[in-house]
>>> print(open('structure.pdb').read())   # PDB, C-alpha atoms
ATOM      1  CA  MET A   1     -33.779  17.402  -3.382  1.00  0.00           C
ATOM      2  CA  LYS A   2     -30.844  19.851  -3.558  1.00  0.00           C
ATOM      3  CA  LYS A   3     -29.684  18.754  -0.113  1.00  0.00           C
ATOM      4  CA  LEU A   4     -29.707  15.114  -1.174  1.00  0.00           C
ATOM      5  CA  ILE A   5     -27.650  15.850  -4.289  1.00  0.00           C
ATOM      6  CA  THR A   6     -25.208  17.935  -2.256  1.00  0.00           C
ATOM      7  CA  LEU A   7     -24.816  15.136   0.291  1.00  0.00           C
ATOM      8  CA  ALA A   8     -24.267  12.601  -2.475  1.00  0.00           C
ATOM      9  CA  ILE A   9     -21.563  14.768  -4.041  1.00  0.00           C
ATOM     10  CA  LEU A  10     -19.839  15.284  -0.682  1.00  0.00           C
ATOM     11  CA  PHE A  11     -19.947  11.542  -0.051  1.00  0.00           C
ATOM     12  CA  LEU A  12     -18.341  10.788  -3.417  1.00  0.00           C
ATOM     13  CA  ILE A  13     -15.616  13.370  -2.875  1.00  0.00           C
ATOM     14  CA  SER A  14     -14.808  12.112   0.623  1.00  0.00           C
ATOM     15  CA  THR A  15     -14.752   8.509  -0.597  1.00  0.00           C
ATOM     16  CA  SER A  16     -12.329   9.509  -3.341  1.00  0.00           C
ATOM     17  CA  PHE A  17      -9.966  11.071  -0.777  1.00  0.00           C
ATOM     18  CA  ILE A  18     -10.069   7.931   1.369  1.00  0.00           C
ATOM     19  CA  ILE A  19      -9.297   5.671  -1.579  1.00  0.00           C
ATOM     20  CA  ASN A  20      -6.453   7.914  -2.740  1.00  0.00           C
ATOM     21  CA  SER A  21      -4.921   8.020   0.731  1.00  0.00           C
ATOM     22  CA  LEU A  22      -4.921   4.208   0.865  1.00  0.00           C
ATOM     23  CA  ASP A  23      -3.139   4.016  -2.473  1.00  0.00           C
ATOM     24  CA  THR A  24      -0.302   6.249  -1.288  1.00  0.00           C
ATOM     25  CA  THR A  25       0.545   4.230   1.810  1.00  0.00           C
ATOM     26  CA  SER A  26       4.290   3.664   1.926  1.00  0.00           C
ATOM     27  CA  VAL A  27       5.525   0.092   2.125  1.00  0.00           C
ATOM     28  CA  TYR A  28       8.931  -1.550   1.901  1.00  0.00           C
ATOM     29  CA  ILE A  29      10.122  -4.106  -0.623  1.00  0.00           C
ATOM     30  CA  CYS A  30      13.307  -6.049  -1.075  1.00  0.00           C
ATOM     31  CA  THR A  31      14.669  -5.377  -4.562  1.00  0.00           C
ATOM     32  CA  GLY A  32      16.033  -8.912  -4.842  1.00  0.00           C
ATOM     33  CA  LYS A  33      15.276 -10.922  -7.963  1.00  0.00           C
ATOM     34  CA  TYR A  34      12.961 -13.417  -6.234  1.00  0.00           C
ATOM     35  CA  SER A  35      11.259 -11.126  -3.696  1.00  0.00           C
ATOM     36  CA  LYS A  36       7.465 -11.408  -3.692  1.00  0.00           C
ATOM     37  CA  LYS A  37       6.240  -9.529  -0.607  1.00  0.00           C
ATOM     38  CA  TYR A  38       5.732  -5.987   0.625  1.00  0.00           C
ATOM     39  CA  HIS A  39       6.049  -4.875   4.239  1.00  0.00           C
ATOM     40  CA  TYR A  40       4.504  -2.046   6.264  1.00  0.00           C
ATOM     41  CA  GLU A  41       7.488  -1.829   8.606  1.00  0.00           C
ATOM     42  CA  GLU A  42      11.082  -1.419   7.448  1.00  0.00           C
ATOM     43  CA  ASP A  43      12.262  -3.608  10.321  1.00  0.00           C
ATOM     44  CA  CYS A  44       9.773  -6.410   9.533  1.00  0.00           C
ATOM     45  CA  ARG A  45      11.065  -9.891  10.282  1.00  0.00           C
ATOM     46  CA  GLY A  46      10.256 -10.844   6.674  1.00  0.00           C
ATOM     47  CA  LEU A  47      12.872  -8.399   5.366  1.00  0.00           C
ATOM     48  CA  SER A  48      15.673  -9.811   7.504  1.00  0.00           C
ATOM     49  CA  ASN A  49      16.873 -12.152   4.724  1.00  0.00           C
ATOM     50  CA  CYS A  50      16.986  -9.449   2.052  1.00  0.00           C
ATOM     51  CA  LYS A  51      20.450  -9.449   0.478  1.00  0.00           C
ATOM     52  CA  ALA A  52      19.591  -6.648  -1.968  1.00  0.00           C
ATOM     53  CA  LYS A  53      18.446  -3.114  -1.188  1.00  0.00           C
ATOM     54  CA  ILE A  54      15.265  -2.364   0.725  1.00  0.00           C
ATOM     55  CA  LYS A  55      13.252   0.279  -1.084  1.00  0.00           C
ATOM     56  CA  GLU A  56      10.307   2.399   0.083  1.00  0.00           C
ATOM     57  CA  VAL A  57       7.471   2.547  -2.478  1.00  0.00           C
ATOM     58  CA  ASP A  58       3.754   3.237  -2.401  1.00  0.00           C
ATOM     59  CA  ILE A  59       1.468   0.243  -2.010  1.00  0.00           C
ATOM     60  CA  THR A  60       0.063   0.628  -5.533  1.00  0.00           C
ATOM     61  CA  THR A  61       3.538   0.278  -7.022  1.00  0.00           C
ATOM     62  CA  ALA A  62       4.269  -2.762  -4.866  1.00  0.00           C
ATOM     63  CA  LYS A  63       1.070  -4.430  -6.065  1.00  0.00           C
ATOM     64  CA  GLU A  64       1.877  -3.560  -9.688  1.00  0.00           C
ATOM     65  CA  PHE A  65       5.141  -5.483  -9.195  1.00  0.00           C
ATOM     66  CA  GLY A  66       3.015  -8.466  -8.131  1.00  0.00           C
ATOM     67  CA  ARG A  67       3.925  -8.180  -4.457  1.00  0.00           C
ATOM     68  CA  THR A  68       1.578  -9.391  -1.732  1.00  0.00           C
ATOM     69  CA  LEU A  69       1.522  -8.613   1.983  1.00  0.00           C
ATOM     70  CA  CYS A  70       4.142 -10.348   4.103  1.00  0.00           C
ATOM     71  CA  GLY A  71       2.798 -13.216   6.201  1.00  0.00           C
ATOM     72  CA  TRP A  72       4.334 -11.744   9.363  1.00  0.00           C
ATOM     73  CA  GLU A  73       2.202  -8.616   8.980  1.00  0.00           C
ATOM     74  CA  ASP A  74      -1.241  -9.868   7.955  1.00  0.00           C
TER      75      ASP A  74
END
>>> encode(input="structure.pdb", output="structure tokens")
Amino acid sequence: MKKLITLAILFLISTSFIINSLDTTSVYICTGKYSKKYHYEEDCRGLSNCKAKIKEVDITTAKEFGRTLCGWED
């Protein structure tokens, strides 16, 4: 029984690390007023029309701004 509990705890801890590492993935956004997408690559074709600054943020922040993944990268 102790081994099962220990394995369950280790599983939960490792799952937590995986989830946290996904949330800290860096993405790029155009800071323009009407921008709606985030990009994994700074040189993504979808960022070529950005007239404002391109900013690196974590994926959680991009999603909080209402951004979705660029169609060129999905």
>>> closest_residue(input="structure.pdb", among="A:Trp72, A:Phe11, A:Lys63, A:Cys50", to="A:Thr31", atoms="only C-alpha atoms")
A:Cys50
>>> residues_around(input="structure.pdb", residues="A:Lys37", least_positions_apart="6", cutoff="8 Å", atoms="all atoms listed in the file", output="VMD selection string")
chain A and resid 29 to 30 67 to 70
>>> atom_distance(input="structure.pdb", atom1="atom CA of A:Ser48", atom2="atom CA of A:Thr24")
24.3 Å
>>> residues_around(input="structure.pdb", residues="A:Tyr28", least_positions_apart="2", cutoff="10 Å", atoms="all atoms listed in the file", output="VMD selection string")
chain A and resid 26 30 to 31 37 to 44 47 54 to 59 62
>>> atom_distance(input="structure.pdb", atom1="atom CA of A:Glu64", atom2="atom CA of A:Lys51")
22.0 Å
>>> atom_distance(input="structure.pdb", atom1="atom CA of A:Phe65", atom2="atom CA of A:Ala52")
16.2 Å
>>> build_atoms(input="structure.pdb", residues="stretch 48-59 of chain A", atoms="all heavy atoms", output="CSV table (one decimal), keeping the file's coordinate frame")
chain,number,residue,atom,x,y,z
A,48,SER,N,14.4,-9.5,6.9
A,48,SER,CA,15.7,-9.8,7.5
A,48,SER,C,16.6,-10.6,6.6
A,48,SER,O,17.8,-10.5,6.7
A,48,SER,CB,15.5,-10.5,8.8
A,48,SER,OG,14.9,-11.8,8.6
A,49,ASN,N,16.1,-11.4,5.6
A,49,ASN,CA,16.9,-12.2,4.7
A,49,ASN,C,17.2,-11.4,3.4
A,49,ASN,O,17.8,-12.0,2.5
A,49,ASN,CB,16.2,-13.5,4.4
A,49,ASN,CG,16.2,-14.4,5.6
A,49,ASN,OD1,17.1,-14.4,6.4
A,49,ASN,ND2,15.1,-15.2,5.7
A,50,CYS,N,16.8,-10.2,3.3
A,50,CYS,CA,17.0,-9.4,2.1
A,50,CYS,C,18.5,-9.2,1.9
A,50,CYS,O,19.1,-8.5,2.7
A,50,CYS,CB,16.2,-8.1,2.1
A,50,CYS,SG,16.4,-7.1,0.6
A,51,LYS,N,19.0,-9.7,0.8
A,51,LYS,CA,20.4,-9.4,0.5
A,51,LYS,C,20.6,-8.3,-0.5
A,51,LYS,O,21.7,-7.8,-0.7
A,51,LYS,CB,21.1,-10.7,-0.2
A,51,LYS,CG,20.9,-11.9,0.7
A,51,LYS,CD,21.7,-11.8,2.0
A,51,LYS,CE,21.6,-13.1,2.8
A,51,LYS,NZ,21.5,-12.9,4.2
A,52,ALA,N,19.5,-7.8,-1.1
A,52,ALA,CA,19.6,-6.6,-2.0
A,52,ALA,C,19.2,-5.4,-1.2
A,52,ALA,O,19.2,-5.4,0.1
A,52,ALA,CB,18.6,-6.9,-3.1
A,53,LYS,N,18.9,-4.3,-1.9
A,53,LYS,CA,18.4,-3.1,-1.2
A,53,LYS,C,17.0,-3.2,-0.8
A,53,LYS,O,16.2,-3.8,-1.5
A,53,LYS,CB,18.7,-1.9,-2.1
A,53,LYS,CG,20.1,-1.6,-2.3
A,53,LYS,CD,20.2,-0.3,-3.1
A,53,LYS,CE,21.7,0.0,-3.3
A,53,LYS,NZ,21.9,1.3,-4.0
A,54,ILE,N,16.6,-2.5,0.3
A,54,ILE,CA,15.3,-2.4,0.7
A,54,ILE,C,14.8,-1.0,0.3
A,54,ILE,O,15.5,0.0,0.5
A,54,ILE,CB,15.1,-2.5,2.2
A,54,ILE,CG1,15.5,-3.9,2.7
A,54,ILE,CG2,13.7,-2.2,2.7
A,54,ILE,CD1,15.6,-4.1,4.1
A,55,LYS,N,13.7,-1.0,-0.5
A,55,LYS,CA,13.3,0.3,-1.1
A,55,LYS,C,11.9,0.6,-0.6
A,55,LYS,O,11.0,-0.2,-0.4
A,55,LYS,CB,13.2,0.1,-2.6
A,55,LYS,CG,12.9,1.3,-3.4
A,55,LYS,CD,13.0,1.0,-4.9
A,55,LYS,CE,12.5,2.2,-5.7
A,55,LYS,NZ,12.6,1.9,-7.1
A,56,GLU,N,11.6,1.9,-0.3
A,56,GLU,CA,10.3,2.4,0.1
A,56,GLU,C,9.5,2.8,-1.2
A,56,GLU,O,10.0,3.6,-2.0
A,56,GLU,CB,10.4,3.6,1.0
A,56,GLU,CG,9.1,4.1,1.5
A,56,GLU,CD,9.3,5.2,2.5
A,56,GLU,OE1,10.4,5.7,2.8
A,56,GLU,OE2,8.2,5.7,3.1
A,57,VAL,N,8.3,2.2,-1.3
A,57,VAL,CA,7.5,2.5,-2.5
A,57,VAL,C,6.0,2.7,-2.0
A,57,VAL,O,5.7,2.3,-0.8
A,57,VAL,CB,7.5,1.4,-3.6
A,57,VAL,CG1,8.9,1.3,-4.1
A,57,VAL,CG2,7.0,0.1,-3.0
A,58,ASP,N,5.2,3.2,-2.8
A,58,ASP,CA,3.8,3.2,-2.4
A,58,ASP,C,3.1,1.9,-2.7
A,58,ASP,O,3.6,1.1,-3.5
A,58,ASP,CB,3.0,4.4,-3.1
A,58,ASP,CG,2.9,4.2,-4.6
A,58,ASP,OD1,2.2,3.4,-5.1
A,58,ASP,OD2,3.6,5.0,-5.3
A,59,ILE,N,2.1,1.6,-2.0
A,59,ILE,CA,1.5,0.2,-2.0
A,59,ILE,C,1.0,-0.1,-3.4
A,59,ILE,O,1.0,-1.3,-3.8
A,59,ILE,CB,0.4,0.1,-1.0
A,59,ILE,CG1,0.0,-1.4,-0.7
A,59,ILE,CG2,-0.9,0.9,-1.3
A,59,ILE,CD1,-0.9,-1.6,0.5
